[in-house]
file model_20.tsv (TSV, C-alpha atoms)
chain	number	residue	atom	x	y	z
A	1	MET	CA	-20.08	-12.84	47.02
A	2	GLY	CA	-20.12	-15.07	50.10
A	3	TYR	CA	-23.11	-13.14	51.41
A	4	GLY	CA	-25.02	-13.61	48.15
A	5	ASN	CA	-24.91	-9.91	47.30
A	6	GLY	CA	-22.91	-10.20	44.07
A	7	PRO	CA	-19.28	-9.39	43.33
A	8	GLY	CA	-19.44	-5.64	43.93
A	9	SER	CA	-18.34	-3.72	47.01
A	10	TYR	CA	-19.81	-0.36	47.88
A	11	ILE	CA	-17.41	2.47	46.93
A	12	PRO	CA	-18.16	5.57	49.04
A	13	THR	CA	-17.86	8.92	47.28
A	14	LEU	CA	-17.53	12.39	48.77
A	15	GLY	CA	-17.31	15.11	46.14
A	16	ALA	CA	-15.85	13.40	43.08
A	17	ALA	CA	-16.33	10.18	41.17
A	18	SER	CA	-14.33	7.44	42.89
A	19	THR	CA	-12.73	4.17	41.90
A	20	ALA	CA	-11.11	1.59	44.16
A	21	ILE	CA	-7.90	-0.42	43.84
A	22	ASP	CA	-7.60	-3.54	46.03
A	23	GLN	CA	-3.84	-3.22	46.14
A	24	TYR	CA	-3.50	-5.94	48.78
A	25	ARG	CA	-4.51	-8.57	46.19
A	26	VAL	CA	-3.11	-7.07	42.98
A	27	VAL	CA	-0.18	-8.90	41.41
A	28	ALA	CA	0.37	-6.56	38.45
A	29	ILE	CA	-1.37	-4.07	36.17
A	30	ALA	CA	-2.06	-5.78	32.84
A	31	SER	CA	-2.51	-2.53	30.91
A	32	THR	CA	-3.11	1.16	31.52
A	33	ASN	CA	-3.84	4.18	29.34
A	34	LEU	CA	-2.86	6.79	31.94
A	35	PRO	CA	0.43	7.78	30.22
A	36	GLU	CA	-1.35	8.26	26.88
A	37	ILE	CA	-4.02	10.55	28.33
A	38	GLY	CA	-1.44	12.66	30.19
A	39	ALA	CA	-2.54	11.67	33.69
A	40	ALA	CA	-0.89	12.20	37.05
A	41	PHE	CA	-1.65	11.59	40.72
A	42	THR	CA	-1.68	13.91	43.70
A	43	ASP	CA	-2.95	13.70	47.28
A	44	VAL	CA	-5.65	15.19	49.47
A	45	TYR	CA	-3.34	17.61	51.31
A	46	ALA	CA	-2.25	19.17	48.01
A	47	VAL	CA	-5.91	19.73	47.10
A	48	SER	CA	-6.75	21.30	50.45
A	49	ALA	CA	-3.65	23.54	50.29
A	50	ILE	CA	-4.38	24.98	46.85
A	51	SER	CA	-7.99	25.51	47.94
A	52	ARG	CA	-6.79	27.75	50.78
A	53	ILE	CA	-5.12	30.00	48.20
A	54	ALA	CA	-8.67	30.86	47.14
A	55	GLU	CA	-10.53	30.50	50.42
A	56	GLY	CA	-7.94	31.89	52.84
A	57	GLY	CA	-6.72	30.53	56.13
A	58	ILE	CA	-3.13	29.59	55.22
A	59	THR	CA	-1.14	29.02	58.40
A	60	ASP	CA	1.98	27.08	57.41
A	61	ILE	CA	4.79	27.37	54.87
A	62	ALA	CA	4.12	23.68	54.09
A	63	GLU	CA	0.77	24.76	52.62
A	64	ILE	CA	2.54	27.08	50.19
A	65	GLU	CA	4.70	24.20	48.96
A	66	ALA	CA	1.72	21.82	48.88
A	67	ALA	CA	-0.22	24.35	46.77
A	68	GLU	CA	2.75	24.43	44.38
A	69	THR	CA	2.64	20.64	44.25
A	70	ALA	CA	-1.04	20.77	43.29
A	71	LEU	CA	-0.27	23.30	40.55
A	72	GLN	CA	2.40	21.05	39.07
A	73	ALA	CA	-0.24	18.37	38.61
A	74	LEU	CA	-2.99	20.69	37.38
A	75	LEU	CA	-0.92	22.74	34.93
A	76	LEU	CA	1.45	20.08	33.56
A	77	HIS	CA	-1.06	17.23	33.13
A	78	ASP	CA	-4.40	16.79	31.39
A	79	VAL	CA	-5.92	14.46	33.98
A	80	VAL	CA	-5.25	14.57	37.74
A	81	ASN	CA	-6.45	11.82	40.06
A	82	VAL	CA	-6.32	12.05	43.85
A	83	LEU	CA	-4.94	9.12	45.88
A	84	VAL	CA	-6.81	8.29	49.09
A	85	PRO	CA	-5.56	5.42	51.31
A	86	SER	CA	-8.77	3.54	52.17
A	87	PRO	CA	-8.64	0.05	53.69
A	88	LYS	CA	-11.33	-2.38	52.62
A	89	ILE	CA	-13.62	-3.48	55.42
A	90	ASP	CA	-15.98	-6.38	56.09
A	91	LEU	CA	-18.45	-5.03	58.64
A	92	GLY	CA	-19.67	-8.49	59.53
A	93	ASN	CA	-23.26	-7.81	58.48
A	94	GLY	CA	-23.02	-8.50	54.75
A	95	VAL	CA	-21.64	-5.05	53.91
A	96	VAL	CA	-18.15	-4.83	52.37
A	97	SER	CA	-16.89	-1.33	51.62
A	98	TYR	CA	-13.90	1.03	51.89
A	99	LEU	CA	-13.05	3.11	54.93
A	100	ARG	CA	-12.06	6.55	53.69
A	101	GLN	CA	-9.42	8.52	55.58
A	102	ASP	CA	-10.18	11.93	54.09
A	103	ILE	CA	-13.62	12.86	55.38
A	104	GLY	CA	-13.85	16.61	55.90
A	105	GLN	CA	-10.35	17.34	54.58
A	106	ARG	CA	-11.49	18.99	51.33
A	107	THR	CA	-14.02	21.73	50.74
A	108	GLN	CA	-16.46	21.80	47.86
A	109	PHE	CA	-14.21	24.36	46.20
A	110	GLY	CA	-11.40	21.80	46.19
A	111	PHE	CA	-13.55	19.25	44.41
A	112	ASP	CA	-14.77	21.88	41.92
A	113	LEU	CA	-11.25	23.11	41.26
A	114	PHE	CA	-9.92	19.66	40.43
A	115	SER	CA	-12.84	18.98	38.14
A	116	VAL	CA	-10.94	21.08	35.56
A	117	GLY	CA	-8.46	18.19	35.52
A	118	GLN	CA	-11.20	15.54	35.10
A	119	SER	CA	-10.24	14.39	38.58
A	120	GLN	CA	-11.36	11.19	40.23
A	121	ASP	CA	-10.56	9.87	43.68
A	122	TRP	CA	-8.61	6.60	43.67
A	123	LEU	CA	-9.25	4.70	46.88
A	124	ILE	CA	-6.17	2.55	47.49
A	125	ALA	CA	-6.80	-0.42	49.77
A	126	PRO	CA	-3.48	-1.66	51.22
A	127	GLU	CA	-5.37	-4.20	53.34
A	128	PHE	CA	-8.66	-5.98	53.92
A	129	PHE	CA	-9.88	-6.43	57.45
A	130	LYS	CA	-12.80	-7.98	59.25
A	131	THR	CA	-14.71	-6.64	62.22
A	132	ASP	CA	-17.36	-7.71	64.66
A	133	GLY	CA	-19.28	-4.61	63.68
A	134	SER	CA	-17.34	-2.27	65.95
A	135	ILE	CA	-13.76	-3.50	66.50
A	136	ILE	CA	-11.21	-4.50	63.85
A	137	LEU	CA	-10.37	-8.14	64.50
A	138	SER	CA	-8.04	-9.20	61.65
A	139	SER	CA	-6.23	-7.82	58.64
A	140	THR	CA	-4.31	-9.00	55.59
A	141	LEU	CA	-1.47	-6.83	56.96
A	142	PRO	CA	0.00	-8.47	60.08
A	143	LYS	CA	1.27	-5.10	61.37
A	144	SER	CA	-1.80	-3.08	60.48
A	145	PRO	CA	-2.04	0.16	62.52
A	146	LEU	CA	-5.81	-0.38	62.72
A	147	LEU	CA	-5.91	-3.75	64.51
A	148	GLY	CA	-7.93	-3.53	67.70
A	149	LYS	CA	-9.24	-0.03	66.95
A	150	SER	CA	-12.85	1.02	66.82
A	151	VAL	CA	-14.35	1.36	63.34
A	152	ASP	CA	-16.11	4.56	64.46
A	153	ASP	CA	-12.82	6.18	65.49
A	154	ILE	CA	-11.05	5.56	62.18
A	155	GLY	CA	-11.15	8.63	60.01
A	156	LYS	CA	-11.53	10.90	63.04
A	157	GLY	CA	-7.89	11.73	63.59
A	158	THR	CA	-6.32	8.28	63.72
A	159	LYS	CA	-3.24	8.42	61.50
A	160	TYR	CA	-3.40	5.61	58.97
A	161	TRP	CA	0.23	5.28	58.01
A	162	ASN	CA	2.97	2.67	58.07
A	163	GLU	CA	5.49	1.11	55.68
A	164	ASP	CA	2.90	-1.18	54.11
A	165	VAL	CA	0.55	1.72	53.37
A	166	VAL	CA	3.42	3.74	51.86
A	167	GLU	CA	4.40	0.76	49.71
A	168	ALA	CA	0.83	0.26	48.49
A	169	ILE	CA	0.63	3.88	47.33
A	170	ASN	CA	4.01	3.72	45.61
A	171	VAL	CA	3.28	0.43	43.87
A	172	THR	CA	0.00	1.82	42.55
A	173	VAL	CA	1.72	4.90	41.12
A	174	GLU	CA	4.66	3.02	39.65
A	175	SER	CA	2.46	0.32	38.10
A	176	HIS	CA	0.59	2.93	36.08
A	177	GLY	CA	3.78	4.65	34.87
A	178	VAL	CA	2.75	8.27	35.46
A	179	PRO	CA	4.09	10.99	37.79
A	180	ALA	CA	2.76	11.51	41.29
A	181	TYR	CA	2.84	14.92	42.97
A	182	LEU	CA	2.68	14.02	46.65
A	183	THR	CA	3.23	16.13	49.74
A	184	ASP	CA	4.22	13.57	52.39
A	185	PRO	CA	8.05	13.21	52.53
A	186	ALA	CA	7.67	9.45	53.01
A	187	LEU	CA	6.16	9.21	49.53
A	188	VAL	CA	8.37	11.65	47.63
A	189	ARG	CA	10.78	9.54	45.63
A	190	SER	CA	11.89	8.99	42.03
A	191	ARG	CA	9.71	6.51	40.14
A	192	ARG	CA	9.31	4.99	36.74
A	193	GLY	CA	7.06	7.28	34.72
A	194	ASP	CA	8.16	10.64	36.19
A	195	GLY	CA	9.29	11.72	32.73
A	196	PHE	CA	9.90	15.21	31.37
A	197	SER	CA	7.18	16.98	33.34
A	198	LYS	CA	9.17	16.33	36.51
A	199	ARG	CA	12.50	17.10	34.82
A	200	PHE	CA	11.14	20.40	33.52
A	201	TYR	CA	9.87	21.51	36.92
A	202	HIS	CA	13.05	20.41	38.71
A	203	ARG	CA	15.24	22.50	36.40
A	204	LEU	CA	12.84	25.44	36.56
A	205	ARG	CA	12.73	25.36	40.35
A	206	GLN	CA	16.52	25.23	40.65
A	207	SER	CA	16.89	28.34	38.49
A	208	TRP	CA	14.00	30.08	40.24
A	209	ASP	CA	15.32	29.53	43.76
A	210	LYS	CA	18.76	30.77	42.71
A	211	SER	CA	17.22	33.88	41.13
A	212	VAL	CA	14.89	34.89	43.98
A	213	GLY	CA	17.04	33.72	46.89
A	214	ASP	CA	18.72	37.08	47.49
A	215	ILE	CA	15.59	39.25	47.56
A	216	VAL	CA	15.71	41.49	50.63
A	217	PRO	CA	12.92	40.44	53.08
A	218	VAL	CA	10.79	43.55	53.62
A	219	ILE	CA	7.22	42.24	53.56
A	220	CYS	CA	8.09	38.62	54.33
A	221	ASP	CA	11.13	36.36	54.48
A	222	PHE	CA	9.66	33.48	52.48
A	223	SER	CA	9.60	33.08	48.71
A	224	ILE	CA	6.70	32.20	46.47
A	225	PRO	CA	7.48	29.22	44.21
A	226	PRO	CA	7.27	29.72	40.43
A	227	LEU	CA	3.90	28.23	39.46
A	228	LEU	CA	2.15	29.85	42.41
A	229	ALA	CA	3.80	33.16	41.46
A	230	ILE	CA	2.37	32.84	37.94
A	231	VAL	CA	-1.10	32.17	39.35
A	232	LEU	CA	-0.97	35.01	41.89
A	233	ASP	CA	0.23	37.39	39.19
A	234	ARG	CA	-2.91	36.57	37.18
A	235	LEU	CA	-5.32	36.84	40.09
A	236	VAL	CA	-7.28	40.01	40.71
A	237	ASN	CA	-8.63	38.42	43.86
A	238	ARG	CA	-8.14	34.95	45.31
A	239	ALA	CA	-11.72	33.87	44.68
A	240	ASP	CA	-10.93	33.83	40.94
A	241	LEU	CA	-8.47	30.95	41.35
A	242	LYS	CA	-10.47	28.34	39.44
A	243	ASN	CA	-10.94	30.61	36.42
A	244	VAL	CA	-7.26	31.56	36.37
A	245	ILE	CA	-6.14	27.93	36.54
A	246	ASN	CA	-8.61	27.00	33.81
A	247	ASP	CA	-7.21	29.76	31.56
A	248	LEU	CA	-3.62	28.70	32.28
A	249	ARG	CA	-4.42	25.07	31.51
A	250	ALA	CA	-5.75	26.17	28.12
A	251	GLU	CA	-2.60	28.20	27.41
A	252	LEU	CA	-0.37	25.32	28.49
A	253	ALA	CA	-2.04	22.64	26.36
A	254	PRO	CA	0.83	22.76	23.80
A	255	VAL	CA	3.34	22.47	26.65
A	256	ARG	CA	1.65	19.39	28.05
A	257	GLN	CA	1.63	17.83	24.61
A	258	GLU	CA	5.31	18.58	24.08
A	259	LEU	CA	6.31	17.16	27.46
A	260	LYS	CA	4.42	13.95	26.65
A	261	GLU	CA	6.21	13.73	23.29
A	262	PHE	CA	9.60	14.22	24.96
A	263	ASN	CA	8.91	11.05	26.97
A	264	ASN	CA	9.23	9.08	23.73
A	265	ILE	CA	12.89	10.08	23.28
A	266	VAL	CA	14.19	7.08	25.19
A	267	SER	CA	12.20	4.58	23.12
A	268	LEU	CA	12.43	6.27	19.70
A	269	SER	CA	16.07	7.39	19.67
A	270	THR	CA	18.50	5.08	17.92
A	271	SER	CA	21.46	5.24	20.31
A	272	ALA	CA	22.51	6.26	23.79
A	273	ALA	CA	24.52	9.14	22.28
A	274	GLU	CA	21.43	10.46	20.50
A	275	ILE	CA	19.34	10.19	23.67
A	276	GLU	CA	21.95	12.08	25.68
A	277	SER	CA	22.29	14.78	23.02
A	278	ARG	CA	18.55	15.38	22.73
A	279	ILE	CA	18.03	15.44	26.49
A	280	ARG	CA	20.95	17.87	26.91
A	281	ARG	CA	19.48	20.27	24.33
A	282	ILE	CA	16.09	20.16	26.02
A	283	THR	CA	17.58	20.64	29.49
A	284	GLU	CA	19.58	23.65	28.29
A	285	SER	CA	16.33	25.13	27.05
A	286	PHE	CA	14.66	24.59	30.43
A	287	ASP	CA	17.65	26.12	32.24
A	288	ALA	CA	17.42	29.30	30.18
A	289	ILE	CA	13.80	30.10	31.13
A	290	VAL	CA	14.36	32.05	34.36
A	291	PRO	CA	17.46	33.99	33.16
A	292	GLU	CA	15.58	35.00	29.99
A	293	SER	CA	12.51	36.08	31.97
A	294	ARG	CA	14.70	38.33	34.14
A	295	LEU	CA	16.25	40.32	31.27
A	296	SER	CA	15.56	44.04	31.45
A	297	GLY	CA	14.26	46.02	28.51
A	298	ALA	CA	17.69	47.58	28.04
A	299	GLN	CA	19.38	44.18	28.01
A	300	ARG	CA	16.91	42.88	25.44
A	301	ARG	CA	17.57	45.91	23.22
A	302	LYS	CA	21.33	45.41	23.61
A	303	ARG	CA	21.01	41.79	22.61
A	304	ARG	CA	18.85	42.69	19.63
A	305	ILE	CA	21.55	45.05	18.37
A	306	MET	CA	24.23	42.43	18.96
A	307	SER	CA	22.13	39.87	17.12
A	308	ILE	CA	21.74	42.14	14.11
A	309	GLN	CA	25.49	42.58	14.05
A	310	GLY	CA	26.00	38.80	14.31
A	311	LEU	CA	27.63	39.12	17.72
A	312	VAL	CA	25.43	36.89	19.87
A	313	ARG	CA	27.75	34.21	21.25
A	314	PRO	CA	29.07	33.08	24.64
A	315	LEU	CA	30.20	36.07	26.65
A	316	VAL	CA	33.87	35.05	26.97
A	317	LYS	CA	34.17	34.63	23.21
A	318	PHE	CA	32.48	37.98	22.76
A	319	ALA	CA	34.92	39.64	25.13
A	320	MET	CA	37.92	37.92	23.60
A	321	GLY	CA	36.85	39.26	20.24
A	322	PHE	CA	37.31	42.71	21.68
A	323	VAL	CA	40.74	41.77	22.98
A	324	THR	CA	41.83	40.46	19.59
A	325	LYS	CA	40.45	43.28	17.46
A	326	GLY	CA	40.49	46.28	19.70
A	327	GLY	CA	42.81	45.54	22.57
A	328	ALA	CA	39.96	45.70	25.07
A	329	THR	CA	39.86	43.68	28.29
A	330	LEU	CA	37.41	41.14	29.63
A	331	GLU	CA	36.04	43.85	31.91
A	332	ASP	CA	35.30	45.99	28.83
A	333	GLY	CA	33.44	43.07	27.32
A	334	LEU	CA	31.39	42.67	30.48
A	335	LYS	CA	30.50	46.38	30.42
A	336	VAL	CA	29.34	46.12	26.83
A	337	ALA	CA	27.08	43.21	27.83
A	338	ASP	CA	25.84	45.09	30.93
A	339	GLY	CA	27.35	42.38	33.10
A	340	VAL	CA	24.79	39.82	31.90
A	341	PRO	CA	26.00	36.21	32.18
A	342	GLY	CA	26.72	34.35	28.97
A	343	LEU	CA	23.64	32.17	29.36
A	344	ILE	CA	21.44	35.26	29.17
A	345	ILE	CA	23.27	36.60	26.14
A	346	GLU	CA	22.61	33.32	24.38
A	347	SER	CA	19.38	32.37	26.10
A	348	ARG	CA	17.04	33.31	23.26
A	349	ALA	CA	18.55	30.57	21.11
A	350	PHE	CA	18.10	28.06	23.93
A	351	ILE	CA	14.55	29.24	24.60
A	352	ASP	CA	13.51	28.79	20.98
A	353	ARG	CA	14.34	25.08	21.11
A	354	THR	CA	11.16	24.14	22.98
A	355	ILE	CA	7.54	25.28	23.17
A	356	THR	CA	7.75	24.78	26.93
A	357	ALA	CA	10.54	27.31	27.37
A	358	LYS	CA	9.01	29.89	25.02
A	359	THR	CA	5.70	29.69	26.89
A	360	PHE	CA	7.09	29.89	30.42
A	361	VAL	CA	9.41	32.82	29.70
A	362	GLY	CA	6.35	35.00	29.24
A	363	LEU	CA	4.50	33.53	32.19
A	364	LEU	CA	7.38	34.11	34.61
A	365	GLU	CA	7.61	37.84	33.94
A	366	THR	CA	5.65	38.42	37.14
A	367	GLU	CA	5.33	41.39	39.44
A	368	SER	CA	7.43	41.66	42.60
A	369	LEU	CA	7.03	38.46	44.60
A	370	GLN	CA	6.78	40.28	47.89
A	371	GLY	CA	4.28	42.64	46.29
A	372	LEU	CA	2.17	39.61	45.34
A	373	VAL	CA	2.33	38.36	48.92
A	374	LYS	CA	1.27	41.75	50.28
A	375	HIS	CA	-1.61	42.01	47.81
A	376	HIS	CA	-3.05	38.51	48.17
A	377	PHE	CA	-2.26	37.32	51.71
A	378	SER	CA	-3.65	38.75	54.92
A	379	GLU	CA	-1.33	40.02	57.61
A	380	SER	CA	-2.39	37.18	59.91
A	381	GLU	CA	-1.53	34.63	57.20
A	382	ILE	CA	1.91	36.16	56.68
A	383	ILE	CA	2.59	36.12	60.42
A	384	SER	CA	1.42	32.50	60.70
A	385	ILE	CA	3.56	31.37	57.77
A	386	GLN	CA	6.64	33.01	59.21
A	387	ARG	CA	5.93	31.52	62.64
A	388	SER	CA	5.74	28.06	61.04
A	389	MET	CA	9.15	28.66	59.46
A	390	ARG	CA	10.67	29.57	62.83
A	391	MET	CA	9.20	26.44	64.41
A	392	ARG	CA	11.04	24.30	61.86
A	393	LYS	CA	14.47	25.77	62.65
call {"tool": "encode", "arguments": {"input": "model_20.tsv", "output": "structure tokens"}}
result
Amino acid sequence: MGYGNGPGSYIPTLGAASTAIDQYRVVAIASTNLPEIGAAFTDVYAVSAISRIAEGGITDIAEIEAAETALQALLLHDVVNVLVPSPKIDLGNGVVSYLRQDIGQRTQFGFDLFSVGQSQDWLIAPEFFKTDGSIILSSTLPKSPLLGKSVDDIGKGTKYWNEDVVEAINVTVESHGVPAYLTDPALVRSRRGDGFSKRFYHRLRQSWDKSVGDIVPVICDFSIPPLLAIVLDRLVNRADLKNVINDLRAELAPVRQELKEFNNIVSLSTSAAEIESRIRRITESFDAIVPESRLSGAQRRKRRIMSIQGLVRPLVKFAMGFVTKGGATLEDGLKVADGVPGLIIESRAFIDRTITAKTFVGLLETESLQGLVKHHFSESEIISIQRSMRMRK
């Protein structure tokens, strides 16, 4: 406004509609509708990683995990916005704008893919600095990592990261009360607004890692995380990624709605005891997903017979019934149940408690994980991923 050009600042866009948050001068968020519309945040690296699932060129195990992070946002939320740290800059010639740090980091496919989640870029300005047209002279952050640097060099490899930048990103996320699926360890922390979408995935991932952890490494010695396994199982070829994710988002619409409704438990329940009881029942349902998805056809038939006979109950009780009535041992009971843990014997009842569990049981009945790796990833990608794992040890 001091230059007579009006109150607006130019907001640069790359491949998606962009909005800017001057975090350095924000005291609080007066209101937000992001929780109501089922929104979430992610970051640029997550977008670029999931894009490589389609376009090829994966070189690091971190990209596999970052692709999984992107899928959490895309499949479990209706709207996904991408956070881009972008300091605000006065160029000294009447132009005030934002200096993006993500130029060239996403392909057009990445922008197109995230359009299925109505994605916008959110440019977060942790600071405002002035220049003489070429060199940064001052900043609202006394310890800015950009002080004294050339404007032309910023965005060309200079790492824009310090505690103030991290805090600006976290405050933005927390102020809007929705989950953020971020790939940088400095930003991964529990926040207000994480809700049941994060709880669901955490419980699912725990069960998944326990289930697939003992697979003998023949094709590779790394595991595919659960959401990526679901996507790869659907893919005929990697170029179909956008269509597969779009189809999965449609199938998971009831899940997203249910997870949003679960977030109301804390505010709508009448007592702490009721809250704890409802959350426990939901968590038990989430925990049963992977065991249920791993049941064999014979085990399902056995359980169906037991159910008809009214015998579905915790395994120990089932076995003790044999001891009482027929003098059998616990080992006999285990043989009758094919050695299946009690959770699996009962898991159908747990699964039926939530739409989320019923939906994901079917989705997780994937082909061999190592078979999926062999089918979809090139030999050079597999070698590069395994090399990256060795470098981290």
call {"tool": "atom_distance", "arguments": {"input": "model_20.tsv", "atom1": "CA of Asp121 in chain A", "atom2": "CA of Lys149 in chain A"}}
result
25.3 Å
call {"tool": "residues_around", "arguments": {"input": "model_20.tsv", "residues": "Gln72 in chain A", "least_positions_apart": "4", "cutoff": "8 Å", "atoms": "all atoms listed in the file", "output": "PDB file with C-alpha atoms, keeping the file's coordinate frame"}}
result
ATOM      1  CA  GLU A  68       2.750  24.430  44.380  1.00  0.00           C
ATOM      2  CA  LEU A  76       1.450  20.080  33.560  1.00  0.00           C
ATOM      3  CA  HIS A  77      -1.060  17.230  33.130  1.00  0.00           C
ATOM      4  CA  TYR A 181       2.840  14.920  42.970  1.00  0.00           C
ATOM      5  CA  TYR A 201       9.870  21.510  36.920  1.00  0.00           C
ATOM      6  CA  LEU A 227       3.900  28.230  39.460  1.00  0.00           C
TER       7      LEU A 227
END
call {"tool": "residues_near_point", "arguments": {"input": "model_20.tsv", "point": "(-0.6, 9.8, 40.2)", "cutoff": "10 Å", "atoms": "all atoms listed in the file", "output": "ChimeraX atom specification"}}
result
/A:34,39-43,73,79-83,122,169-170,172-174,176-182,193-194
call {"tool": "residues_around", "arguments": {"input": "model_20.tsv", "residues": "Ala229 in chain A", "least_positions_apart": "4", "cutoff": "10 Å", "atoms": "all atoms listed in the file", "output": "ChimeraX atom specification"}}
result
/A:68,223-225,233-235,363-369,372-373
call {"tool": "residues_around", "arguments": {"input": "model_20.tsv", "residues": "range 96-102 of chain A", "least_positions_apart": "2", "cutoff": "6 Å", "atoms": "only C-alpha atoms", "output": "list in words"}}
result
Ser9, Tyr10, Ser86, Pro87, Lys88, Ile89, Asp90, Gln105 and Gly155 of chain A
call {"tool": "residues_around", "arguments": {"input": "model_20.tsv", "residues": "Glu258 in chain A", "least_positions_apart": "2", "cutoff": "10 Å", "atoms": "only C-alpha atoms", "output": "short mmCIF file (atom, residue, chain, number, x, y, z; two decimals) with C-alpha atoms, in the coordinates of the input"}}
result
data_model
loop_
_atom_site.label_atom_id
_atom_site.label_comp_id
_atom_site.auth_asym_id
_atom_site.auth_seq_id
_atom_site.Cartn_x
_atom_site.Cartn_y
_atom_site.Cartn_z
CA PHE A 196 9.90 15.21 31.37
CA SER A 197 7.18 16.98 33.34
CA LEU A 252 -0.37 25.32 28.49
CA ALA A 253 -2.04 22.64 26.36
CA PRO A 254 0.83 22.76 23.80
CA VAL A 255 3.34 22.47 26.65
CA ARG A 256 1.65 19.39 28.05
CA LYS A 260 4.42 13.95 26.65
CA GLU A 261 6.21 13.73 23.29
CA PHE A 262 9.60 14.22 24.96
CA ASN A 263 8.91 11.05 26.97
CA THR A 354 11.16 24.14 22.98
CA ILE A 355 7.54 25.28 23.17
CA THR A 356 7.75 24.78 26.93
#
call {"tool": "atom_distance", "arguments": {"input": "model_20.tsv", "atom1": "CA of Asp184 in chain A", "atom2": "CA of Glu65 in chain A"}}
result
11.2 Å
call {"tool": "decode", "arguments": {"input": "model_20.tsv", "residues": "range 242-247 of chain A", "atoms": "all heavy atoms", "output": "compact mmCIF listing (two decimals), in the first residue's frame"}}
result
# COMPACT_ATOMS: atom_id res chain seq x y z
N LYS A 242 -3.45 -42.31 -11.19
CA LYS A 242 -4.48 -41.31 -10.90
C LYS A 242 -5.87 -41.93 -10.93
O LYS A 242 -6.70 -41.68 -10.05
CB LYS A 242 -4.40 -40.14 -11.88
CG LYS A 242 -5.44 -39.06 -11.59
CD LYS A 242 -5.38 -37.93 -12.61
CE LYS A 242 -6.48 -36.91 -12.34
NZ LYS A 242 -6.48 -35.81 -13.36
N ASN A 243 -6.14 -42.77 -11.93
CA ASN A 243 -7.46 -43.40 -12.03
C ASN A 243 -7.73 -44.33 -10.85
O ASN A 243 -8.84 -44.37 -10.32
CB ASN A 243 -7.57 -44.19 -13.35
CG ASN A 243 -7.61 -43.29 -14.56
OD1 ASN A 243 -8.03 -42.13 -14.47
ND2 ASN A 243 -7.16 -43.80 -15.70
N VAL A 244 -6.70 -45.07 -10.44
CA VAL A 244 -6.87 -45.99 -9.31
C VAL A 244 -7.15 -45.22 -8.03
O VAL A 244 -8.04 -45.58 -7.25
CB VAL A 244 -5.61 -46.88 -9.15
CG1 VAL A 244 -5.62 -47.61 -7.81
CG2 VAL A 244 -5.53 -47.88 -10.30
N ILE A 245 -6.41 -44.14 -7.80
CA ILE A 245 -6.64 -43.35 -6.59
C ILE A 245 -8.01 -42.70 -6.63
O ILE A 245 -8.71 -42.63 -5.61
CB ILE A 245 -5.53 -42.29 -6.43
CG1 ILE A 245 -4.22 -42.99 -6.04
CG2 ILE A 245 -5.90 -41.23 -5.39
CD1 ILE A 245 -3.04 -42.06 -5.89
N ASN A 246 -8.42 -42.25 -7.79
CA ASN A 246 -9.76 -41.66 -7.92
C ASN A 246 -10.84 -42.68 -7.57
O ASN A 246 -11.81 -42.37 -6.87
CB ASN A 246 -9.95 -41.14 -9.34
CG ASN A 246 -10.81 -39.89 -9.40
OD1 ASN A 246 -11.01 -39.22 -8.40
ND2 ASN A 246 -11.31 -39.59 -10.56
N ASP A 247 -10.68 -43.92 -8.07
CA ASP A 247 -11.65 -44.98 -7.77
C ASP A 247 -11.66 -45.30 -6.28
O ASP A 247 -12.72 -45.49 -5.67
CB ASP A 247 -11.33 -46.24 -8.58
CG ASP A 247 -11.59 -46.07 -10.07
OD1 ASP A 247 -12.30 -45.11 -10.44
OD2 ASP A 247 -11.06 -46.87 -10.86
